[in-house]
Each structure stands twice: as structure tokens, then as C-alpha cells.
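Source file my_file_39.csv; content: CSV, C-alpha atoms.
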chain,number,residue,atom,x,y,z
A,288,GLU,CA,10.8,-5.0,3.8
A,289,ILE,CA,7.1,-5.8,3.0
A,290,SER,CA,6.2,-9.1,1.6
A,291,VAL,CA,2.7,-10.3,0.5
A,292,GLN,CA,1.6,-13.4,-1.4
A,293,GLN,CA,0.5,-12.5,-4.9
A,294,PRO,CA,-1.9,-14.7,-6.9
A,295,ALA,CA,0.0,-16.3,-9.8
A,296,ASN,CA,-1.7,-14.3,-12.5
A,297,LEU,CA,-0.6,-11.0,-10.9
A,298,LYS,CA,3.1,-11.9,-10.4
A,299,ILE,CA,5.7,-9.7,-12.1
A,300,GLU,CA,9.0,-11.2,-13.3
A,301,PRO,CA,11.9,-10.1,-11.0
A,302,ILE,CA,13.8,-8.4,-13.8
A,303,VAL,CA,10.7,-6.4,-14.8
A,304,LEU,CA,10.0,-5.5,-11.2
A,305,ARG,CA,13.6,-4.3,-10.8
A,306,SER,CA,13.3,-2.1,-13.9
A,307,LEU,CA,10.1,-0.6,-12.6
A,308,SER,CA,11.6,0.0,-9.2
A,309,GLN,CA,14.5,2.2,-10.3
A,310,LEU,CA,14.8,5.5,-8.5
A,311,SER,CA,15.3,8.9,-10.2
A,312,ILE,CA,16.6,11.5,-7.9
A,313,ILE,CA,15.9,14.2,-10.4
A,314,LYS,CA,12.3,13.3,-10.7
A,315,THR,CA,11.9,12.9,-7.0
A,316,LEU,CA,13.3,16.2,-6.1
A,317,SER,CA,11.5,17.9,-9.0
A,318,VAL,CA,8.2,16.8,-7.6
A,319,ILE,CA,9.0,18.1,-4.2
A,320,VAL,CA,10.2,21.5,-5.6
A,321,LEU,CA,7.1,21.7,-7.8
A,322,ASP,CA,4.7,21.1,-4.9
A,323,TRP,CA,6.4,23.6,-2.6
A,324,SER,CA,6.6,26.2,-5.4
A,325,LEU,CA,2.9,25.9,-6.0
A,326,ILE,CA,2.2,26.5,-2.3
A,327,PHE,CA,4.4,29.6,-2.3
A,328,LEU,CA,3.0,30.8,-5.6
A,329,MET,CA,-0.6,30.6,-4.4
A,330,ALA,CA,0.3,32.4,-1.1
A,331,PHE,CA,2.1,35.2,-3.1
A,332,LEU,CA,-0.7,35.6,-5.6
A,333,GLN,CA,-3.4,35.7,-2.8
A,334,THR,CA,-1.4,38.2,-0.9
A,335,LYS,CA,-0.5,40.5,-3.8
A,336,TYR,CA,-3.2,40.2,-6.4
A,337,LEU,CA,-6.2,38.1,-5.6
A,338,SER,CA,-9.2,39.3,-3.7
A,339,PHE,CA,-10.5,37.8,-0.4
A,340,TYR,CA,-13.2,35.9,-2.4
A,341,PHE,CA,-10.4,33.8,-4.1
A,342,TYR,CA,-9.1,32.6,-0.7
A,343,PRO,CA,-11.2,29.4,-0.5
A,344,LEU,CA,-9.8,28.3,-3.8
A,345,THR,CA,-6.2,29.2,-2.7
A,346,LEU,CA,-6.8,27.3,0.5
A,347,ALA,CA,-8.0,24.2,-1.4
A,348,ILE,CA,-5.1,24.3,-3.9
A,349,ILE,CA,-2.5,24.6,-1.0
A,350,ALA,CA,-4.2,21.8,0.9
A,351,SER,CA,-4.0,19.6,-2.3
A,352,ARG,CA,-0.2,20.3,-2.5
A,353,GLN,CA,0.2,19.5,1.2
A,354,HIS,CA,-1.5,16.2,0.5
A,355,ALA,CA,0.8,15.7,-2.5
A,356,LEU,CA,3.8,16.2,-0.2
A,357,GLY,CA,2.2,13.6,2.1
A,358,VAL,CA,2.1,11.2,-0.8
A,359,VAL,CA,5.8,11.7,-1.4
A,360,LEU,CA,6.3,11.2,2.3
A,361,HIS,CA,4.5,7.9,1.9
A,362,ASP,CA,7.0,6.9,-0.8
A,363,ALA,CA,9.9,8.0,1.4
A,364,ALA,CA,8.6,5.7,4.1
A,365,HIS,CA,9.2,2.9,1.6
A,366,PHE,CA,12.7,4.2,1.0
A,367,ARG,CA,11.7,5.3,-2.5
A,368,LEU,CA,13.0,8.8,-2.2
A,369,LEU,CA,16.8,8.4,-2.2
A,370,ARG,CA,19.0,5.4,-2.5
A,371,ASN,CA,20.8,6.1,0.7
A,372,HIS,CA,18.4,5.3,3.5
A,373,GLN,CA,19.8,7.8,6.0
A,374,TRP,CA,19.6,10.7,3.6
A,375,ASN,CA,16.2,9.4,2.4
A,376,ASP,CA,14.9,10.0,5.9
A,377,ILE,CA,16.7,13.2,6.6
A,378,VAL,CA,15.4,14.9,3.4
A,379,ALA,CA,11.9,13.4,3.9
A,380,ASP,CA,11.7,14.7,7.5
A,381,TRP,CA,12.9,18.2,6.7
A,382,LEU,CA,11.0,18.8,3.4
A,383,LEU,CA,7.9,16.6,4.0
A,384,ALA,CA,7.2,15.2,7.4
A,385,PHE,CA,8.3,17.9,9.9
A,386,PRO,CA,6.2,20.7,8.1
A,387,LEU,CA,3.2,18.4,8.4
A,388,ASN,CA,3.9,17.7,12.1
A,389,LEU,CA,4.8,14.1,11.3
A,390,THR,CA,8.0,12.0,11.2
A,391,VAL,CA,9.2,9.5,8.6
A,392,PHE,CA,10.0,7.0,11.4
A,393,GLY,CA,6.6,7.2,13.0
A,394,TYR,CA,4.7,7.1,9.7
A,395,ARG,CA,6.8,4.1,8.5
A,396,ARG,CA,6.0,2.2,11.6
A,397,GLU,CA,2.3,2.7,11.3
A,398,HIS,CA,2.2,2.3,7.5
A,399,PHE,CA,4.3,-0.9,7.4
A,400,ALA,CA,1.8,-2.4,9.9
A,401,HIS,CA,-1.0,-1.5,7.5
A,402,HIS,CA,0.8,-3.3,4.7
A,403,LYS,CA,1.6,-6.4,6.8
A,404,TYR,CA,-1.9,-6.8,8.3
A,405,SER,CA,-4.0,-5.2,5.5
A,406,GLY,CA,-7.7,-6.0,6.1
A,407,MET,CA,-6.9,-7.9,9.4
A,408,SER,CA,-8.1,-6.9,12.8
A,409,ASN,CA,-4.7,-5.3,13.7
A,410,ASP,CA,-4.5,-3.2,10.4
A,411,PRO,CA,-4.1,0.4,11.7
A,412,ASP,CA,-6.2,1.7,8.8
A,413,LEU,CA,-9.0,-0.8,9.4
A,414,ILE,CA,-9.0,0.0,13.1
A,415,ARG,CA,-9.4,3.7,12.2
A,416,LEU,CA,-12.2,3.0,9.8
A,417,SER,CA,-13.9,0.8,12.4
A,418,SER,CA,-14.0,3.6,15.0
A,419,PRO,CA,-17.4,5.3,15.8
A,420,HIS,CA,-15.9,8.4,14.2
A,421,TYR,CA,-16.0,6.7,10.8
A,422,GLN,CA,-18.8,4.3,11.2
A,423,LYS,CA,-21.3,7.1,11.4
A,424,ASP,CA,-20.8,7.6,7.7
A,425,LYS,CA,-23.3,4.9,6.5
A,426,THR,CA,-25.4,7.3,4.4
A,427,SER,CA,-24.5,9.7,1.7
A,428,ARG,CA,-25.9,12.5,3.7
A,429,ASN,CA,-23.8,11.7,6.7
A,430,LEU,CA,-20.7,11.2,4.5
A,431,ILE,CA,-21.2,14.7,2.9
A,432,LEU,CA,-21.7,16.2,6.3
A,433,LYS,CA,-18.5,14.7,7.7
A,434,ILE,CA,-16.5,16.0,4.7
A,435,LEU,CA,-18.0,19.5,5.2
A,436,LEU,CA,-17.2,19.4,8.9
A,437,LEU,CA,-13.6,18.2,8.3
A,438,SER,CA,-13.2,21.0,5.7
A,439,THR,CA,-14.2,23.6,8.3
A,440,GLY,CA,-11.8,22.3,10.9
A,441,PHE,CA,-14.5,21.0,13.2
A,442,TYR,CA,-12.6,17.8,14.0
A,443,ILE,CA,-9.1,19.2,13.9
A,444,VAL,CA,-8.2,18.5,17.6
A,445,ARG,CA,-9.3,14.9,17.3
A,446,GLU,CA,-7.6,14.4,13.9
A,447,PHE,CA,-4.3,15.9,15.1
A,448,TYR,CA,-4.5,13.8,18.3
A,449,GLU,CA,-5.2,10.6,16.3
A,450,MET,CA,-2.6,11.1,13.6
A,451,GLY,CA,0.2,12.5,15.8
A,452,ILE,CA,-0.3,10.8,19.2
A,453,LYS,CA,-2.8,7.9,19.2
A,454,TYR,CA,-1.3,6.3,16.1
A,455,GLN,CA,2.2,7.6,17.1
A,456,LEU,CA,3.1,9.1,13.7
A,457,SER,CA,4.9,11.9,15.6
A,458,THR,CA,5.7,10.3,19.0
A,459,LYS,CA,7.9,7.4,20.2
A,460,VAL,CA,10.7,8.2,17.8
A,461,PRO,CA,14.5,7.9,18.2
A,462,MET,CA,16.5,10.6,19.9
A,463,LYS,CA,18.2,11.6,16.6
A,464,VAL,CA,14.8,12.2,15.0
A,465,ASN,CA,13.8,14.5,17.9
A,466,ILE,CA,17.1,16.4,17.7
A,467,SER,CA,16.6,16.8,13.9
A,468,ARG,CA,13.0,18.0,14.5
A,469,MET,CA,14.1,20.5,17.1
A,470,GLY,CA,16.7,21.8,14.6
A,471,PHE,CA,14.0,22.1,11.9
A,472,TRP,CA,11.6,24.1,14.1
A,473,THR,CA,14.4,26.3,15.4
A,474,VAL,CA,15.2,27.3,11.8
A,475,ALA,CA,11.5,27.6,10.8
A,476,VAL,CA,10.5,29.7,13.8
A,477,THR,CA,13.5,32.0,13.3
A,478,ILE,CA,12.8,32.6,9.6
A,479,ILE,CA,9.1,33.2,10.3
A,480,SER,CA,9.8,35.5,13.2
A,481,LEU,CA,12.5,37.6,11.6
A,482,ASN,CA,10.3,38.2,8.5
A,483,HIS,CA,7.1,38.8,10.4
A,484,LEU,CA,5.3,35.9,8.6
A,485,TRP,CA,3.2,34.4,11.4
A,486,LEU,CA,-0.1,35.5,9.8
A,487,SER,CA,1.0,34.1,6.4
A,488,ALA,CA,2.0,30.9,8.1
A,489,LEU,CA,-1.4,30.7,9.6
A,490,LEU,CA,-3.4,31.5,6.5
A,491,PHE,CA,-1.3,29.7,3.9
A,492,TRP,CA,-0.1,26.6,5.9
A,493,TYR,CA,-1.8,25.8,9.1
A,494,LEU,CA,-5.4,26.7,8.1
A,495,PRO,CA,-5.3,24.6,4.9
A,496,MET,CA,-3.6,21.8,6.9
A,497,SER,CA,-6.3,22.0,9.6
A,498,THR,CA,-9.3,22.0,7.2
A,499,VAL,CA,-9.3,20.9,3.6
A,500,LEU,CA,-6.3,18.6,3.9
A,501,MET,CA,-8.2,16.6,6.6
A,502,SER,CA,-11.1,16.1,4.2
A,503,ILE,CA,-8.8,15.0,1.4
A,504,VAL,CA,-7.1,12.4,3.6
A,505,PHE,CA,-10.6,11.2,4.8
A,506,ILE,CA,-11.9,10.8,1.2
A,507,ARG,CA,-8.8,9.0,0.0
A,508,LEU,CA,-8.8,6.6,3.0
A,509,LYS,CA,-12.5,5.8,2.6
A,510,ALA,CA,-12.0,5.3,-1.2
A,511,GLU,CA,-9.0,2.9,-0.7
A,512,HIS,CA,-10.3,0.6,2.0
A,513,ASP,CA,-13.9,1.2,3.0
A,514,ARG,CA,-16.8,-1.1,2.2
A,515,ILE,CA,-14.7,-3.8,0.6
A,516,PRO,CA,-16.2,-7.3,0.6
A,517,LYS,CA,-14.5,-9.8,2.8
A,518,GLY,CA,-11.9,-11.9,1.0
A,519,LYS,CA,-11.3,-9.2,-1.6
A,520,LEU,CA,-7.6,-9.2,-2.6
A,521,LEU,CA,-5.6,-7.5,0.1
A,522,ASN,CA,-8.8,-5.6,1.2
A,523,THR,CA,-8.0,-2.6,-0.9
A,524,ARG,CA,-8.8,-1.2,-4.3
A,525,THR,CA,-7.2,0.8,-7.1
A,526,ILE,CA,-9.2,3.8,-8.3
A,527,ILE,CA,-9.0,5.6,-11.7
A,528,PRO,CA,-9.6,9.3,-10.9
A,529,SER,CA,-10.8,12.1,-13.1
A,530,TRP,CA,-8.4,14.9,-14.0
A,531,LEU,CA,-9.9,17.0,-11.2
A,532,GLU,CA,-9.6,14.2,-8.7
A,533,SER,CA,-6.0,13.8,-9.7
A,534,ILE,CA,-5.3,17.4,-8.9
A,535,PHE,CA,-7.1,17.6,-5.5
A,536,ILE,CA,-7.1,14.0,-4.1
A,537,SER,CA,-5.0,11.5,-6.0
A,538,GLN,CA,-1.7,13.2,-6.6
A,539,HIS,CA,1.5,11.5,-7.8
A,540,ASN,CA,-0.3,8.2,-8.8
A,541,VAL,CA,-1.3,7.4,-5.2
A,542,HIS,CA,-4.6,6.0,-6.5
A,543,PHE,CA,-2.8,2.8,-7.7
A,544,HIS,CA,-3.3,1.4,-4.2
A,545,LEU,CA,-3.9,-2.3,-4.8
A,546,ASP,CA,-0.9,-2.3,-7.2
A,547,HIS,CA,1.2,-0.7,-4.5
A,548,HIS,CA,0.1,-3.3,-1.9
A,549,LEU,CA,1.1,-6.0,-4.3
A,550,TYR,CA,4.5,-4.4,-5.1
A,551,PRO,CA,5.4,-1.7,-2.6
A,552,SER,CA,8.5,-0.6,-4.5
What is this structure when it is put down as C-alpha cells?
Amino acid sequence: EISVQQPANLKIEPIVLRSLSQLSIIKTLSVIVLDWSLIFLMAFLQTKYLSFYFYPLTLAIIASRQHALGVVLHDAAHFRLLRNHQWNDIVADWLLAFPLNLTVFGYRREHFAHHKYSGMSNDPDLIRLSSPHYQKDKTSRNLILKILLLSTGFYIVREFYEMGIKYQLSTKVPMKVNISRMGFWTVAVTIISLNHLWLSALLFWYLPMSTVLMSIVFIRLKAEHDRIPKGKLLNTRTIIPSWLESIFISQHNVHFHLDHHLYPS
């Protein structure tokens, strides 16, 4: 449970908050099905009908849907996927976290610390933004160069290390999570191997995840928390995106970031 002190003029009445916090299983699962369907559709179209020159667009669209799945994973970390917490985590792990080489447990541990210590010295996101890797982006030229390098996979080893190991989004998880993860990868590897889909998995999953997805995450993280004056409310901001940004960067209303910090449910 996350609790922050809201200014009086931003408080929502409990009855209104409860009504806004109601879960819809149909909406939740529909969003997941839609994102996965778009990924498979783009892979199918690129394989069967589109020329090689369309592949960069295909890669970008798939990466945007991977990020969209990551946004739903974020909601699952707040137990906003399913009412039953156990099934919330199982469904989120198999449909969202494991394919992205993450775990709900590890993500929740790091993300709740971000909520609890937002803007403080032990805020995981602030620590990340304070590292030399991010602090080099003090000019527009450097920022654009970083985004281009991320989009080409230049930093992928470091990004996977930081996300999965350094920040423990994939490690130090309960035994039951590791057993479930082994089950997922056994099923996934079996299906891919039996259908000779390793090249497709590389082109339409791992390459987008290793390139454009990294730049999307970087842009969103910078937009939400970077260069905010000290004392600003919860050290974060809400962003109103254009329609194009909503497709490629701010899926599923993730841009209401300050609002979410005030009322995580």
C-alpha cells in the first residue's frame, strides 16, 4: 500500500476515489489481447506482405506495443490487473513480465520504493537519472544522440544489466516465481523450436525490445522526472501527449504520472 500526503486542494473524496478505482476484468484483458494481437499482426504482415524497407516501422510499432505491455505490467504491480492478488501476479508474469525478461515481484519492489521515496536520495528512478549515463544528456544534441544510440541497441548490455540485475527487477525473487518463470520459458522455447520460429522471435521480439523499446523507456523516464525544480509536488509531472506520442510513448494513459503518484489506484 502506497501512501502520500496530498495538498488539501488536490484531495479526492473517498467515495469518488473508490468509484474511480473499480477494476474491469474485461477492459484489462482486452487491452492485453489488443497489444499482443498488434505485435503478431505486424510480424505477420512484415513476413508475408511488406518489403524490407517497412521493417523499421514494423520494429517501432512492435516496440511501442512492448512498452504498452510494460505499462499494464506497471498497473499489475499496483494490483490493478485482477482483484485476486495471486492471479493478478500469475497472469501479469506470464503475459507481461516474463516475455520482457522481468518479474512482477521484482518490478513491484523497485517501483514501490520509487513511490515511497519519490524525489528523495533513495528514489530508484532519481538514482538512475543521477548516474553519469544520464547526466551526460545536458544538451539537446547529447540527448538526441543518446536516443539514437539506444534505438540502435548500442547500450543494450548495460540497459539489460541495470534493469534486470542492478535494480533487481528480475533477480532476488521468491522460489515460486522462479518455478513459474522456468515453466513459462519451457513452454515458450518448446513452441518456438517446434515451429522453427527462432528467426521470427529475434526479428519481431528481441530486436525491438533491445533497440527502440529502450529509447521509449528512456524518453518517458526523462519526461516524467528529469529537470524538475526542488520542492515541486512529488518531484514528478503529468504530460499531455500528442496523438502520435500516445501511440508510441504514452500508451494506456501512463502520462498521467503526477495524478498516479497522488492516487496510485
*asked:* One number please: CA of Phe331 (chain A) to CA of Val474 (chain A), in Å, one decimal.
replied: 21.4 Å
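The closest residue to Lys459 (chain A), picked from A:Glu446, A:Glu532, A:Glu397, A:Asp412 and counting only C-alpha atoms, is A:Glu397.
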_Distance in Å - CA of Met496 (chain A) versus CA of Gln353 (chain A)_ =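 Going from CA of Met496 (chain A) over to CA of Gln353 (chain A) covers 7.2 Å.
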*Give as a VMD selection string each residue that has an atom at most 12 Å from (4.0, 9.9, -2.4) in the file, counting only C-alpha atoms.*
chain A and resid 315 to 316 318 to 319 322 352 to 368 379 383 to 384 536 to 544 547 551 to 552
*Kindly give the distance, in Å, that separates CA of Leu346 (chain A) and CA of Leu430 (chain A), rounded to a single decimal.*
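That distance, rounded to one decimal, is 21.6 Å.
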*List every protein, DNA or RNA residue that has an atom no more than 12 Å from (13.2, 21.0, 14.2) in the file's coordinate frame, counting all atoms listed in the file, and report them as a PyMOL selection string.*
chain A and resi 377+380-382+384-390+463-477
*For Ala347 (chain A), which residue out of A:Asn371, A:Ser427, A:Ser405, A:Ser497 is the nearest one, using only C-alpha atoms?*
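Under the stated criterion, the closest residue is A:Ser497.
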What are the closest atom pairs, with distances in Å to one decimal, for each residue of region 494-528 of chain A lying within 12 Å of region 332-345 of chain A, using all atoms listed in the file, rows by chain and rising residue number, as a tab-separated table?
residue	atom	partner	partner_atom	distance
A:Leu494	CA	A:Pro343	CA	10.7
A:Pro495	CA	A:Thr345	CA	8.9
A:Thr498	CA	A:Pro343	CA	10.8
A:Val499	CA	A:Pro343	CA	9.6
_From A:Lys403, A:Leu413, A:Ser317, A:Met501, residue lying nearest Tyr442 (chain A) [only C-alpha atoms]_ =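 Closest residue, counting only C-alpha atoms: A:Met501.
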As a compact mmCIF listing (two decimals), in the coordinates of the input, please: region 330-357 of chain A completed to N, CA and C atoms.
# COMPACT_ATOMS: atom_id res chain seq x y z
N ALA A 330 0.29 31.46 -2.25
CA ALA A 330 0.30 32.40 -1.10
C ALA A 330 0.71 33.80 -1.62
N PHE A 331 1.67 33.87 -2.55
CA PHE A 331 2.10 35.20 -3.10
C PHE A 331 0.98 35.83 -3.90
N LEU A 332 0.33 35.05 -4.76
CA LEU A 332 -0.70 35.60 -5.60
C LEU A 332 -1.91 36.08 -4.73
N GLN A 333 -2.26 35.29 -3.72
CA GLN A 333 -3.40 35.70 -2.80
C GLN A 333 -3.04 36.95 -2.08
N THR A 334 -1.80 37.08 -1.63
CA THR A 334 -1.40 38.20 -0.90
C THR A 334 -1.31 39.51 -1.71
N LYS A 335 -0.81 39.36 -2.95
CA LYS A 335 -0.50 40.50 -3.80
C LYS A 335 -1.63 40.90 -4.77
N TYR A 336 -2.31 39.90 -5.30
CA TYR A 336 -3.20 40.20 -6.40
C TYR A 336 -4.62 39.74 -6.30
N LEU A 337 -4.88 38.66 -5.59
CA LEU A 337 -6.20 38.10 -5.60
C LEU A 337 -7.06 38.69 -4.45
N SER A 338 -8.35 38.79 -4.68
CA SER A 338 -9.20 39.30 -3.70
C SER A 338 -9.54 38.28 -2.61
N PHE A 339 -10.17 38.72 -1.55
CA PHE A 339 -10.50 37.80 -0.40
C PHE A 339 -11.40 36.66 -0.92
N TYR A 340 -12.23 36.90 -1.94
CA TYR A 340 -13.20 35.90 -2.40
C TYR A 340 -12.47 34.70 -3.06
N PHE A 341 -11.21 34.88 -3.46
CA PHE A 341 -10.40 33.80 -4.10
C PHE A 341 -9.78 32.90 -3.00
N TYR A 342 -9.81 33.36 -1.73
CA TYR A 342 -9.10 32.60 -0.70
C TYR A 342 -9.52 31.18 -0.54
N PRO A 343 -10.82 30.84 -0.58
CA PRO A 343 -11.20 29.40 -0.50
C PRO A 343 -10.54 28.55 -1.53
N LEU A 344 -10.43 29.06 -2.78
CA LEU A 344 -9.80 28.30 -3.80
C LEU A 344 -8.26 28.18 -3.53
N THR A 345 -7.66 29.29 -3.08
CA THR A 345 -6.20 29.20 -2.70
C THR A 345 -6.01 28.22 -1.60
N LEU A 346 -6.89 28.22 -0.60
CA LEU A 346 -6.80 27.30 0.50
C LEU A 346 -6.88 25.84 0.01
N ALA A 347 -7.82 25.58 -0.91
CA ALA A 347 -8.00 24.20 -1.40
C ALA A 347 -6.78 23.78 -2.25
N ILE A 348 -6.22 24.68 -3.05
CA ILE A 348 -5.10 24.30 -3.90
C ILE A 348 -3.85 24.03 -2.96
N ILE A 349 -3.64 24.87 -1.94
CA ILE A 349 -2.50 24.60 -1.00
C ILE A 349 -2.71 23.32 -0.28
N ALA A 350 -3.92 23.04 0.16
CA ALA A 350 -4.20 21.80 0.90
C ALA A 350 -3.92 20.59 -0.05
N SER A 351 -4.26 20.72 -1.33
CA SER A 351 -4.00 19.60 -2.30
C SER A 351 -2.50 19.39 -2.43
N ARG A 352 -1.71 20.47 -2.38
CA ARG A 352 -0.20 20.30 -2.50
C ARG A 352 0.33 19.77 -1.18
N GLN A 353 -0.26 20.11 -0.05
CA GLN A 353 0.20 19.50 1.20
C GLN A 353 -0.08 18.00 1.18
N HIS A 354 -1.22 17.61 0.64
CA HIS A 354 -1.50 16.20 0.50
C HIS A 354 -0.52 15.54 -0.47
N ALA A 355 -0.17 16.25 -1.55
CA ALA A 355 0.80 15.70 -2.50
C ALA A 355 2.15 15.50 -1.82
N LEU A 356 2.56 16.43 -0.95
CA LEU A 356 3.80 16.20 -0.20
C LEU A 356 3.67 15.03 0.72
N GLY A 357 2.47 14.82 1.28
CA GLY A 357 2.20 13.60 2.10
C GLY A 357 2.35 12.35 1.32
